[in-house]
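Enquirer: File my_file.cif below, mmCIF, C-alpha atoms:
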data_model
loop_
_atom_site.label_atom_id
_atom_site.label_comp_id
_atom_site.auth_asym_id
_atom_site.auth_seq_id
_atom_site.Cartn_x
_atom_site.Cartn_y
_atom_site.Cartn_z
CA MET A 20 58.22 100.82 132.26
CA PRO A 21 59.74 101.28 128.79
CA ASN A 22 58.67 98.78 126.17
CA PRO A 23 61.37 96.07 125.99
CA MET A 24 60.56 95.44 122.36
CA LEU A 25 61.27 99.04 121.38
CA GLN A 26 64.98 98.22 120.93
CA PHE A 27 64.11 95.97 117.99
CA GLU A 28 62.44 98.75 116.01
CA ILE A 29 63.80 99.40 112.53
CA LYS A 30 64.67 103.07 112.06
CA ARG A 31 65.19 104.43 108.58
CA PHE A 32 68.21 106.72 108.47
CA VAL A 33 68.30 107.31 104.72
CA LYS A 34 65.27 106.64 102.62
CA LEU A 35 66.25 104.78 99.45
CA ASP A 36 64.30 103.15 96.69
CA LEU A 37 65.52 100.26 94.54
CA PHE A 38 63.29 99.34 91.57
CA GLY A 39 60.22 100.14 93.58
CA LEU A 40 61.47 98.23 96.63
CA ASP A 41 62.17 99.97 99.92
CA ALA A 42 65.97 99.80 100.27
CA SER A 43 66.31 102.40 103.01
CA PHE A 44 69.49 102.49 105.01
CA THR A 45 68.30 101.53 108.49
CA ASN A 46 69.87 100.92 111.89
CA SER A 47 69.93 97.23 110.92
CA SER A 48 71.82 98.07 107.71
CA LEU A 49 74.25 100.19 109.69
CA PHE A 50 75.18 97.30 112.00
CA MET A 51 75.45 94.85 109.10
CA VAL A 52 77.90 97.21 107.42
CA ILE A 53 79.80 97.73 110.68
CA ALA A 54 80.03 93.95 111.13
CA VAL A 55 81.38 93.49 107.60
CA PHE A 56 83.84 96.35 108.17
CA LEU A 57 85.06 94.93 111.50
CA ILE A 58 85.45 91.39 110.12
CA SER A 59 87.44 92.77 107.19
CA LEU A 60 89.48 94.90 109.57
CA LEU A 61 90.31 91.87 111.70
CA THR A 62 91.12 89.51 108.85
CA ILE A 63 92.91 91.95 106.54
CA TRP A 64 94.34 94.76 108.65
CA GLY A 65 95.02 92.32 111.50
CA MET A 66 97.05 90.12 109.14
CA ARG A 67 98.99 93.01 107.57
CA GLY A 68 102.24 91.99 109.30
CA ARG A 69 102.04 88.41 107.98
CA ALA A 70 104.34 87.70 110.87
CA LEU A 71 105.84 84.33 111.61
CA VAL A 72 105.17 85.03 115.27
CA PRO A 73 101.74 86.63 115.19
CA THR A 74 100.67 89.78 116.97
CA ARG A 75 97.50 89.70 119.07
CA MET A 76 95.24 90.81 116.22
CA GLN A 77 96.85 88.37 113.81
CA SER A 78 96.46 85.62 116.38
CA VAL A 79 92.74 86.31 116.69
CA ALA A 80 92.35 86.26 112.90
CA GLU A 81 94.30 83.01 112.63
CA ILE A 82 92.41 81.40 115.50
CA SER A 83 89.09 82.28 113.83
CA TYR A 84 90.38 80.81 110.58
CA GLU A 85 91.60 77.60 112.22
CA PHE A 86 88.43 77.31 114.28
CA VAL A 87 86.14 77.38 111.25
CA ALA A 88 88.57 75.36 109.12
CA ASN A 89 88.59 72.60 111.74
CA MET A 90 84.82 72.77 112.00
CA VAL A 91 84.48 72.26 108.25
CA ARG A 92 87.16 69.55 108.15
CA ASP A 93 85.67 67.59 111.06
CA ASN A 94 82.05 67.82 109.92
CA VAL A 95 82.26 67.82 106.14
CA GLY A 96 85.71 66.48 105.33
CA SER A 97 87.93 67.44 102.45
CA ALA A 98 84.96 67.86 100.10
CA GLY A 99 83.81 70.78 102.21
CA GLN A 100 86.96 72.80 101.56
CA LYS A 101 85.20 74.49 98.65
CA TYR A 102 82.51 75.86 100.95
CA PHE A 103 84.89 77.00 103.67
CA PRO A 104 84.77 80.72 102.68
CA PHE A 105 80.97 80.62 102.88
CA VAL A 106 80.90 78.91 106.30
CA PHE A 107 83.57 81.31 107.53
CA SER A 108 81.58 84.34 106.32
CA LEU A 109 78.41 82.94 107.84
CA PHE A 110 80.02 82.22 111.21
CA MET A 111 81.82 85.56 111.40
CA PHE A 112 78.77 87.52 110.26
CA VAL A 113 76.48 85.94 112.86
CA LEU A 114 79.16 86.16 115.56
CA PHE A 115 79.92 89.83 114.92
CA THR A 116 76.29 90.93 114.61
CA ASN A 117 75.50 89.02 117.83
CA MET A 118 78.46 90.56 119.64
CA LEU A 119 77.80 94.07 118.34
CA GLY A 120 74.28 93.70 119.74
CA MET A 121 75.79 93.30 123.21
CA MET A 122 76.93 96.93 123.19
CA PRO A 123 74.52 99.33 124.85
CA TYR A 124 72.45 101.44 122.41
CA SER A 125 73.44 99.17 119.53
CA PHE A 126 71.09 97.15 117.37
CA THR A 127 71.09 93.37 117.10
CA VAL A 128 70.74 92.42 113.45
CA THR A 129 70.13 88.75 114.29
CA SER A 130 67.19 89.54 116.55
CA HIS A 131 65.03 89.80 113.44
CA ILE A 132 63.50 86.60 112.11
CA ILE A 133 63.64 87.84 108.53
CA VAL A 134 67.45 88.16 108.68
CA THR A 135 68.08 84.81 110.35
CA PHE A 136 65.53 83.16 108.08
CA ALA A 137 67.22 84.62 104.99
CA LEU A 138 70.58 83.24 106.16
CA ALA A 139 69.03 79.85 106.93
CA ALA A 140 67.28 79.88 103.56
CA ILE A 141 70.60 80.49 101.76
CA VAL A 142 72.02 77.45 103.57
CA PHE A 143 68.92 75.34 102.92
CA ILE A 144 68.59 76.21 99.23
CA GLY A 145 72.33 75.99 98.68
CA VAL A 146 72.57 72.58 100.36
CA THR A 147 69.59 71.25 98.39
CA ILE A 148 71.09 72.45 95.10
CA ILE A 149 74.46 70.90 95.98
CA GLY A 150 72.73 67.63 96.89
CA PHE A 151 70.86 67.41 93.58
CA ALA A 152 73.90 68.55 91.57
CA LYS A 153 76.06 65.86 93.15
CA HIS A 154 73.66 62.91 93.31
CA GLY A 155 70.94 63.82 90.79
CA LEU A 156 67.57 62.37 91.72
CA GLY A 157 69.42 59.95 93.99
CA PHE A 158 69.53 62.78 96.49
CA LEU A 159 65.89 62.00 97.25
CA LYS A 160 67.14 58.85 98.99
CA ILE A 161 68.09 61.12 101.86
CA LEU A 162 64.38 60.99 102.72
CA VAL A 163 64.35 57.18 102.84
CA PRO A 164 65.92 55.76 105.98
CA SER A 165 67.69 52.45 105.43
CA GLY A 166 66.87 49.19 107.20
CA VAL A 167 63.22 49.95 107.92
CA PRO A 168 60.27 47.62 107.23
CA ALA A 169 58.46 48.52 104.01
CA MET A 170 55.23 48.98 105.91
CA LEU A 171 56.59 51.91 107.83
CA LEU A 172 58.37 53.55 104.89
CA PRO A 173 55.59 55.85 103.64
CA MET A 174 55.10 57.30 107.09
CA LEU A 175 58.84 57.71 107.67
CA VAL A 176 59.33 59.39 104.32
CA VAL A 177 56.69 61.92 105.26
CA ILE A 178 58.41 62.50 108.62
CA GLU A 179 61.80 62.86 106.93
CA LEU A 180 60.33 65.27 104.42
CA ILE A 181 58.86 67.42 107.18
CA SER A 182 62.10 67.29 109.14
CA TYR A 183 64.05 68.28 106.03
CA PHE A 184 61.84 71.26 105.35
CA THR A 185 61.78 72.43 108.96
CA ARG A 186 65.58 72.69 108.95
CA PRO A 187 65.66 76.33 107.84
CA LEU A 188 62.85 77.12 110.25
CA SER A 189 64.56 75.61 113.29
CA LEU A 190 67.88 77.08 112.24
CA SER A 191 66.52 80.61 111.94
CA VAL A 192 64.10 80.54 114.88
CA ARG A 193 66.79 79.20 117.23
CA LEU A 194 69.07 82.14 116.55
CA PHE A 195 66.37 84.79 116.38
CA ALA A 196 64.56 83.62 119.54
CA ASN A 197 67.78 83.40 121.54
CA MET A 198 68.85 86.89 120.55
CA MET A 199 65.47 88.50 120.99
CA ALA A 200 64.70 86.84 124.33
CA GLY A 201 68.11 87.69 125.76
CA HIS A 202 67.94 91.33 124.78
CA ALA A 203 64.33 91.74 125.91
CA MET A 204 65.29 90.17 129.25
CA LEU A 205 68.21 92.56 129.65
CA LYS A 206 65.92 95.47 128.91
CA VAL A 207 63.30 94.32 131.43
CA PHE A 208 65.86 93.91 134.19
CA GLY A 209 67.45 97.23 133.23
CA ALA A 210 64.05 98.81 133.81
CA PHE A 211 63.87 97.08 137.20
CA VAL A 212 67.20 98.59 138.21
CA VAL A 213 65.91 102.07 137.42
CA GLY A 214 62.49 101.38 138.90
CA LEU A 215 63.79 100.06 142.25
CA GLY A 216 66.29 102.90 142.50
CA LEU A 217 69.31 103.15 144.78
CA ILE A 218 67.80 100.99 147.54
CA GLY A 219 66.48 97.93 145.73
CA GLY A 220 68.16 98.25 142.36
CA TRP A 221 71.28 96.28 143.32
CA ALA A 222 69.69 92.87 143.07
CA PRO A 223 68.54 93.19 139.43
CA LEU A 224 71.81 94.96 138.63
CA ALA A 225 73.83 92.01 139.95
CA PHE A 226 71.59 89.68 137.98
CA MET A 227 72.14 91.76 134.86
CA VAL A 228 75.92 91.61 135.19
CA ALA A 229 75.78 87.82 135.36
CA PHE A 230 73.18 87.65 132.62
CA THR A 231 75.29 89.84 130.33
CA GLY A 232 78.07 87.31 130.70
CA LEU A 233 75.66 84.54 129.78
CA GLU A 234 74.41 86.54 126.81
CA ILE A 235 77.95 86.92 125.49
CA LEU A 236 78.30 83.16 125.75
CA VAL A 237 74.99 82.72 123.95
CA ALA A 238 76.07 85.18 121.25
CA PHE A 239 79.12 83.02 120.54
CA LEU A 240 77.33 79.72 120.99
CA GLN A 241 74.50 80.59 118.61
CA ALA A 242 76.97 81.64 115.92
CA TYR A 243 78.76 78.35 116.45
CA VAL A 244 75.53 76.34 116.36
CA PHE A 245 74.40 78.11 113.20
CA ALA A 246 77.72 77.39 111.47
CA ILE A 247 78.04 73.80 112.64
CA LEU A 248 74.46 72.91 111.66
CA SER A 249 75.15 74.38 108.23
CA CYS A 250 78.22 72.13 108.06
CA ILE A 251 76.17 69.08 109.06
CA TYR A 252 73.49 69.82 106.43
CA LEU A 253 76.24 70.31 103.87
CA ASN A 254 77.77 66.99 104.86
CA ASP A 255 74.39 65.28 104.42
CA ALA A 256 74.11 66.70 100.92
CA LEU A 257 77.68 65.77 99.95
CA HIS A 258 77.95 62.31 101.47
CA MET A 259 74.35 61.26 102.15
CA HIS A 260 75.26 59.30 105.27
CA HIS A 261 71.95 58.98 106.89
CA MET B 22 56.50 93.07 117.67
CA PRO B 23 58.82 95.02 115.38
CA GLN B 24 60.05 91.70 113.94
CA PHE B 25 56.81 91.19 112.09
CA GLU B 26 56.47 94.62 110.47
CA LEU B 27 56.22 93.50 106.86
CA GLN B 28 57.29 96.84 105.43
CA ASP B 29 60.66 96.46 107.26
CA PHE B 30 61.47 93.17 105.53
CA ALA B 31 62.57 94.60 102.19
CA PRO B 32 65.28 96.98 103.46
CA GLN B 33 66.67 94.31 105.78
CA LEU B 34 66.80 91.68 103.06
CA ILE B 35 68.36 94.06 100.55
CA TRP B 36 71.03 95.23 102.96
CA LEU B 37 71.66 91.70 104.20
CA THR B 38 72.24 90.67 100.58
CA ILE B 39 74.56 93.61 99.95
CA SER B 40 76.60 93.19 103.11
CA PHE B 41 76.75 89.39 103.08
CA VAL B 42 77.75 89.17 99.42
CA ALA B 43 80.38 91.86 100.03
CA LEU B 44 81.65 89.97 103.07
CA TYR B 45 81.75 86.70 101.17
CA PHE B 46 83.81 88.15 98.35
CA ILE B 47 86.16 90.03 100.64
CA MET B 48 86.74 86.84 102.64
CA ALA B 49 86.99 84.46 99.68
CA ARG B 50 89.12 86.68 97.46
CA VAL B 51 91.31 88.63 99.87
CA ALA B 52 91.29 87.74 103.54
CA LEU B 53 91.19 83.94 103.65
CA PRO B 54 93.86 83.25 101.00
CA ARG B 55 96.19 85.61 102.89
CA ILE B 56 95.61 83.91 106.21
CA ALA B 57 96.04 80.52 104.53
CA THR B 58 99.37 81.66 103.04
CA VAL B 59 100.66 82.90 106.37
CA ILE B 60 99.65 79.71 108.19
CA GLU B 61 101.11 77.60 105.37
CA GLU B 62 104.38 79.52 105.44
CA ARG B 63 104.64 79.09 109.18
CA ARG B 64 103.98 75.36 108.86
CA ASP B 65 106.65 75.05 106.17
CA ARG B 66 109.09 77.09 108.19
CA ILE B 67 108.56 74.96 111.28
CA ALA B 68 108.92 71.79 109.21
CA SER B 69 112.14 73.02 107.60
CA ASP B 70 113.49 74.17 110.97
CA LEU B 71 112.76 70.76 112.45
CA ASP B 72 114.43 69.21 109.43
CA GLN B 73 117.51 71.32 109.89
CA ALA B 74 117.58 70.52 113.59
CA GLU B 75 117.41 66.83 112.73
CA GLN B 76 120.30 67.17 110.31
CA LEU B 77 122.38 69.08 112.82
CA LYS B 78 121.63 66.44 115.42
CA GLN B 79 122.82 63.73 113.06
CA LYS B 80 126.03 65.68 112.45
CA THR B 81 126.51 66.09 116.18
CA ASP B 82 125.95 62.38 116.71
CA ALA B 83 128.50 61.57 114.03
CA ALA B 84 131.01 63.96 115.59
CA ILE B 85 130.45 62.42 119.02
CA ALA B 86 130.89 58.91 117.57
CA ALA B 87 134.13 59.94 115.84
CA TYR B 88 135.40 61.53 119.03
CA GLU B 89 134.60 58.45 121.06
CA GLU B 90 136.30 56.22 118.53
CA ALA B 91 139.41 58.38 118.59
CA LEU B 92 139.33 58.33 122.36
CA ALA B 93 139.04 54.53 122.43
CA THR B 94 141.95 54.15 119.98
CA ALA B 95 144.09 56.53 121.99
CA ARG B 96 143.27 54.69 125.18
CA ALA B 97 144.17 51.33 123.62
CA LYS B 98 147.42 52.78 122.32
CA ALA B 99 148.24 54.24 125.69
CA LEU B 100 147.58 50.89 127.31
CA GLY B 101 149.88 49.20 124.76
CA ILE B 102 152.66 51.68 125.41
CA ALA B 103 152.33 51.27 129.17
CA GLN B 104 152.44 47.50 128.83
CA GLU B 105 155.51 47.62 126.61
CA THR B 106 157.31 49.99 128.94
CA ARG B 107 156.45 47.84 131.91
CA GLU B 108 157.81 44.73 130.18
CA ALA B 109 160.98 46.48 129.07
CA LEU B 110 161.60 47.81 132.54
CA ALA B 111 160.97 44.40 134.09
CA ALA B 112 163.45 42.76 131.72
CA GLU B 113 166.08 45.37 132.51
CA VAL B 114 165.52 44.97 136.22
CA ASP B 115 165.81 41.20 135.91
CA ALA B 116 169.04 41.46 133.97
CA GLU B 117 170.49 43.90 136.48
CA LYS B 118 169.43 41.66 139.32
CA ALA B 119 171.00 38.58 137.73
CA ARG B 120 174.26 40.45 137.18
CA ALA B 121 174.33 41.72 140.73
CA GLU B 122 173.65 38.24 142.08
CA LYS B 123 176.43 36.80 140.00
CA GLN B 124 178.82 39.46 141.22
CA ILE B 125 177.81 38.84 144.81
CA ALA B 126 178.29 35.11 144.36
CA GLU B 127 181.76 35.67 142.92
CA LYS B 128 182.76 37.95 145.74
CA THR B 129 181.36 35.56 148.32
CA ALA B 130 183.31 32.69 146.83
CA GLU B 131 186.50 34.74 146.85
CA ALA B 132 185.95 35.80 150.44
CA GLU B 133 185.30 32.23 151.50
CA LYS B 134 188.52 31.10 149.80
CA ARG B 135 190.45 33.83 151.55
CA ILE B 136 188.94 32.93 154.90
CA ALA B 137 189.86 29.28 154.39
CA GLU B 138 193.43 30.29 153.49
CA SER B 139 193.70 32.51 156.55
CA LYS B 140 192.32 29.72 158.66
CA SER B 141 194.82 27.11 157.47
CA ASP B 142 197.57 29.72 157.70
CA ALA B 143 196.60 30.45 161.24
CA LEU B 144 196.50 26.76 162.05
CA THR B 145 200.07 26.14 160.82
CA HIS B 146 201.31 29.13 162.78
CA ILE B 147 199.59 27.82 165.89
CA ASN B 148 201.55 24.54 165.57
CA GLU B 149 204.75 26.51 165.27
CA VAL B 150 203.95 28.78 168.20
CA ALA B 151 202.80 25.84 170.32
CA GLY B 152 206.02 23.99 169.50
CA GLU B 153 208.15 26.96 170.47
CA VAL B 154 206.14 27.57 173.64
CA ALA B 155 206.29 23.86 174.50
CA GLY B 156 210.10 23.84 173.91
CA ALA B 157 210.49 26.88 176.14
CA ILE B 158 208.31 25.39 178.84
CA ILE B 159 210.23 22.11 178.74
CA LYS B 160 213.53 24.00 179.01
CA GLU B 161 212.28 25.99 182.02
CA LEU B 162 210.60 23.11 183.83
CA ILE B 163 212.98 20.25 183.46
CA ASP B 164 216.00 21.95 181.88
CA ALA B 165 216.18 19.38 179.27
CA LYS B 166 216.72 20.02 175.70
CA ALA B 167 214.24 18.44 173.42
CA SER B 168 214.77 18.53 169.80
CA LYS B 169 212.56 20.70 167.81
CA SER B 170 211.13 17.93 165.71
CA GLU B 171 210.25 15.86 168.76
CA VAL B 172 208.37 18.77 170.34
CA ASN B 173 206.50 19.52 167.16
CA GLN B 174 205.51 15.92 166.79
CA ALA B 175 204.15 15.84 170.36
CA VAL B 176 202.31 19.16 169.89
CA SER B 177 200.72 18.02 166.69
CA LYS B 178 199.59 14.86 168.42
CA ALA B 179 198.12 16.82 171.36
CA LEU B 180 196.36 19.31 169.04
CA VAL B 181 194.79 16.53 167.06
CA ASN B 182 193.51 15.01 170.31
#
Please express what this file holds, its structure, as structure tokens.
Expert:
Amino acid sequence: MPNPMLQFEIKRFVKLDLFGLDASFTNSSLFMVIAVFLISLLTIWGMRGRALVPTRMQSVAEISYEFVANMVRDNVGSAGQKYFPFVFSLFMFVLFTNMLGMMPYSFTVTSHIIVTFALAAIVFIGVTIIGFAKHGLGFLKILVPSGVPAMLLPMLVVIELISYFTRPLSLSVRLFANMMAGHAMLKVFGAFVVGLGLIGGWAPLAFMVAFTGLEILVAFLQAYVFAILSCIYLNDALHMHH
Amino acid sequence: MPQFELQDFAPQLIWLTISFVALYFIMARVALPRIATVIEERRDRIASDLDQAEQLKQKTDAAIAAYEEALATARAKALGIAQETREALAAEVDAEKARAEKQIAEKTAEAEKRIAESKSDALTHINEVAGEVAGAIIKELIDAKASKSEVNQAVSKALVN
């Protein structure tokens, strides 16, 4: 049986060096660039008509825009308007890399913990900076729950602190684990189809068809979850409703 | 697991930075403002269209009101004219009727007078005829000659009885 983890291997296409760091153009890089290209294609080329009655492409671009705009408005409010381009980029990037991964022989950028962790870290660091910039040291009050007996406070502050610092971890592991598990599963069942041949291969094949549908749902859902959690963290930093 | 190959971290992070920063700037500077403009324009257009529709509706309502008012006035006028005509006609008919009745009454009176005249005329003639017949009968029956005045007197007496 082929190794189901083989699909996650990084392959260097062009070896590059940047100030002593390995900056090789890999299969991962290729799919990041493709994702950026496709998102730009959708949002710029798709909107080229600027039609009053949109074409299909323009409709998709506008729906994406409205979807993320509503997400930001509902979860962060008007103060979040400034961060809308970032949330939109984040959502579209995760969505497109997830979806591109669903194509056979492609590579899933978000199946690597380092990528999802980097994205989560940007959100975490950004949100923390915004919180301190807006509230100064008062932002630390986010760690102190209100209406709790003083006795319990030290313990709760520690718990809040841990929960605050595990945010980027949970955010990144959720996406990475979902993507990796789904793709590994598809690979395993794909191997079953081949292994059982024409006689017994139908059952895992039928399962795979259904599972592919589920994976497409997961690809969208995880992008949505990633974006909406970023919005919620941003809202915490801006408004400190705890 | 290929995910934990440390030497693969650097190229992924570098290319993630490059592509994500590029995406962010393309979205923030070019794509999103364009989409926002198009959506805004559509919203404005719809609002202005609705506005115009509202104005046109108000105009229509005003026109309908004016039409109905004109119709009501015309109807009232028509009713007035009909009433007037009816009254005028009734008066004329009454006058005509009165005249005709008067004429009929006159003619009736005249006819009655004539009938009374004829009647009295006829009555005087009957006396005369009866007198003559009585004279002739007397002459034939008893061969006596009665004077005319005597006969007439007797006839008148008999006729009255």
Enquirer: Evaluate the PyMOL selection byres ((chain A and resi 193-207) around 7) and record the selected residues as a list in words, following the chain and residue labels used in the document.
Expert: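 With the shown file as input, the PyMOL selection byres ((chain A and resi 193-207) around 7) matches Pro23, Met24, Thr129, Ser130, His131, Ile132, Thr135, Ser189, Leu190, Ser191, Val192, Phe208, Gly209, Ala210, Phe211, Met227, Glu234 and Gln241 of chain A.
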Enquirer: Residues of chain A were defined as contacting chain B if any atom lay at most 6 Å from it, counting all atoms listed in the file; please report them as a list in words.
Expert: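 Output check: Phe27, Glu28, Asp41, Ala42, Ser43, Ser48, Val55, Thr62, Ile63, Arg69, Leu71, Pro104, Ser108 and His131 of chain A.
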Enquirer: What does the distance between CA of Ala246 in chain A and CA of Phe107 in chain A come to in Å, to one decimal place?
Expert: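 That distance, rounded to one decimal, is 8.1 Å.
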Enquirer: Given the file above and the PyMOL selection byres ((chain A and resi 85-90) around 10), which residues are selected, and can you give them as a list in words?
Expert: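 Here the PyMOL selection byres ((chain A and resi 85-90) around 10) matches Val79, Ala80, Glu81, Ile82, Ser83, Tyr84, Val91, Arg92, Asp93, Asn94, Val95, Gly96, Gly99, Gln100, Phe103, Pro104, Val106, Phe107, Ser108, Phe110, Met111, Tyr243, Ala246, Ile247, Cys250 and Ile251 of chain A; Ile56, Ala57 and Ile60 of chain B.
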Enquirer: If you count only C-alpha atoms, which residues fall within 12 Å of range 164-170 of chain B, apart from same-chain ones fewer than 2 positions away, as an NGL selection string?
Expert: :B and (148-162 or 172-177)
Enquirer: Please expand the PyMOL selection byres ((chain A and resi 239) around 9) into the concrete residues it hits in this file, giving the result as a list in words.
Expert: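 For this structure, the PyMOL selection byres ((chain A and resi 239) around 9) captures Val113, Leu114, Phe115, Asn117, Met118, Glu234, Ile235, Leu236, Val237, Ala238, Leu240, Gln241, Ala242, Tyr243 and Val244 of chain A.
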Enquirer: What's the separation between CA of Pro164 in chain A and CA of Glu179 in chain A, in Å to one decimal place?
Expert: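 Between these atoms lies a distance of 8.3 Å.
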Enquirer: So how many Å separate CA of Arg135 in chain B and CA of Arg120 in chain B, to one decimal?
Expert: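 Pair CA of Arg135 in chain B / CA of Arg120 in chain B returns 22.6 Å.
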Enquirer: For Ala54 in chain A, which of A:Pro173, A:Gly120, A:Gly68, A:Pro73 is the closest residue, counting only C-alpha atoms?
Expert: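 Closest to Ala54 in chain A, using only C-alpha atoms: A:Gly120.
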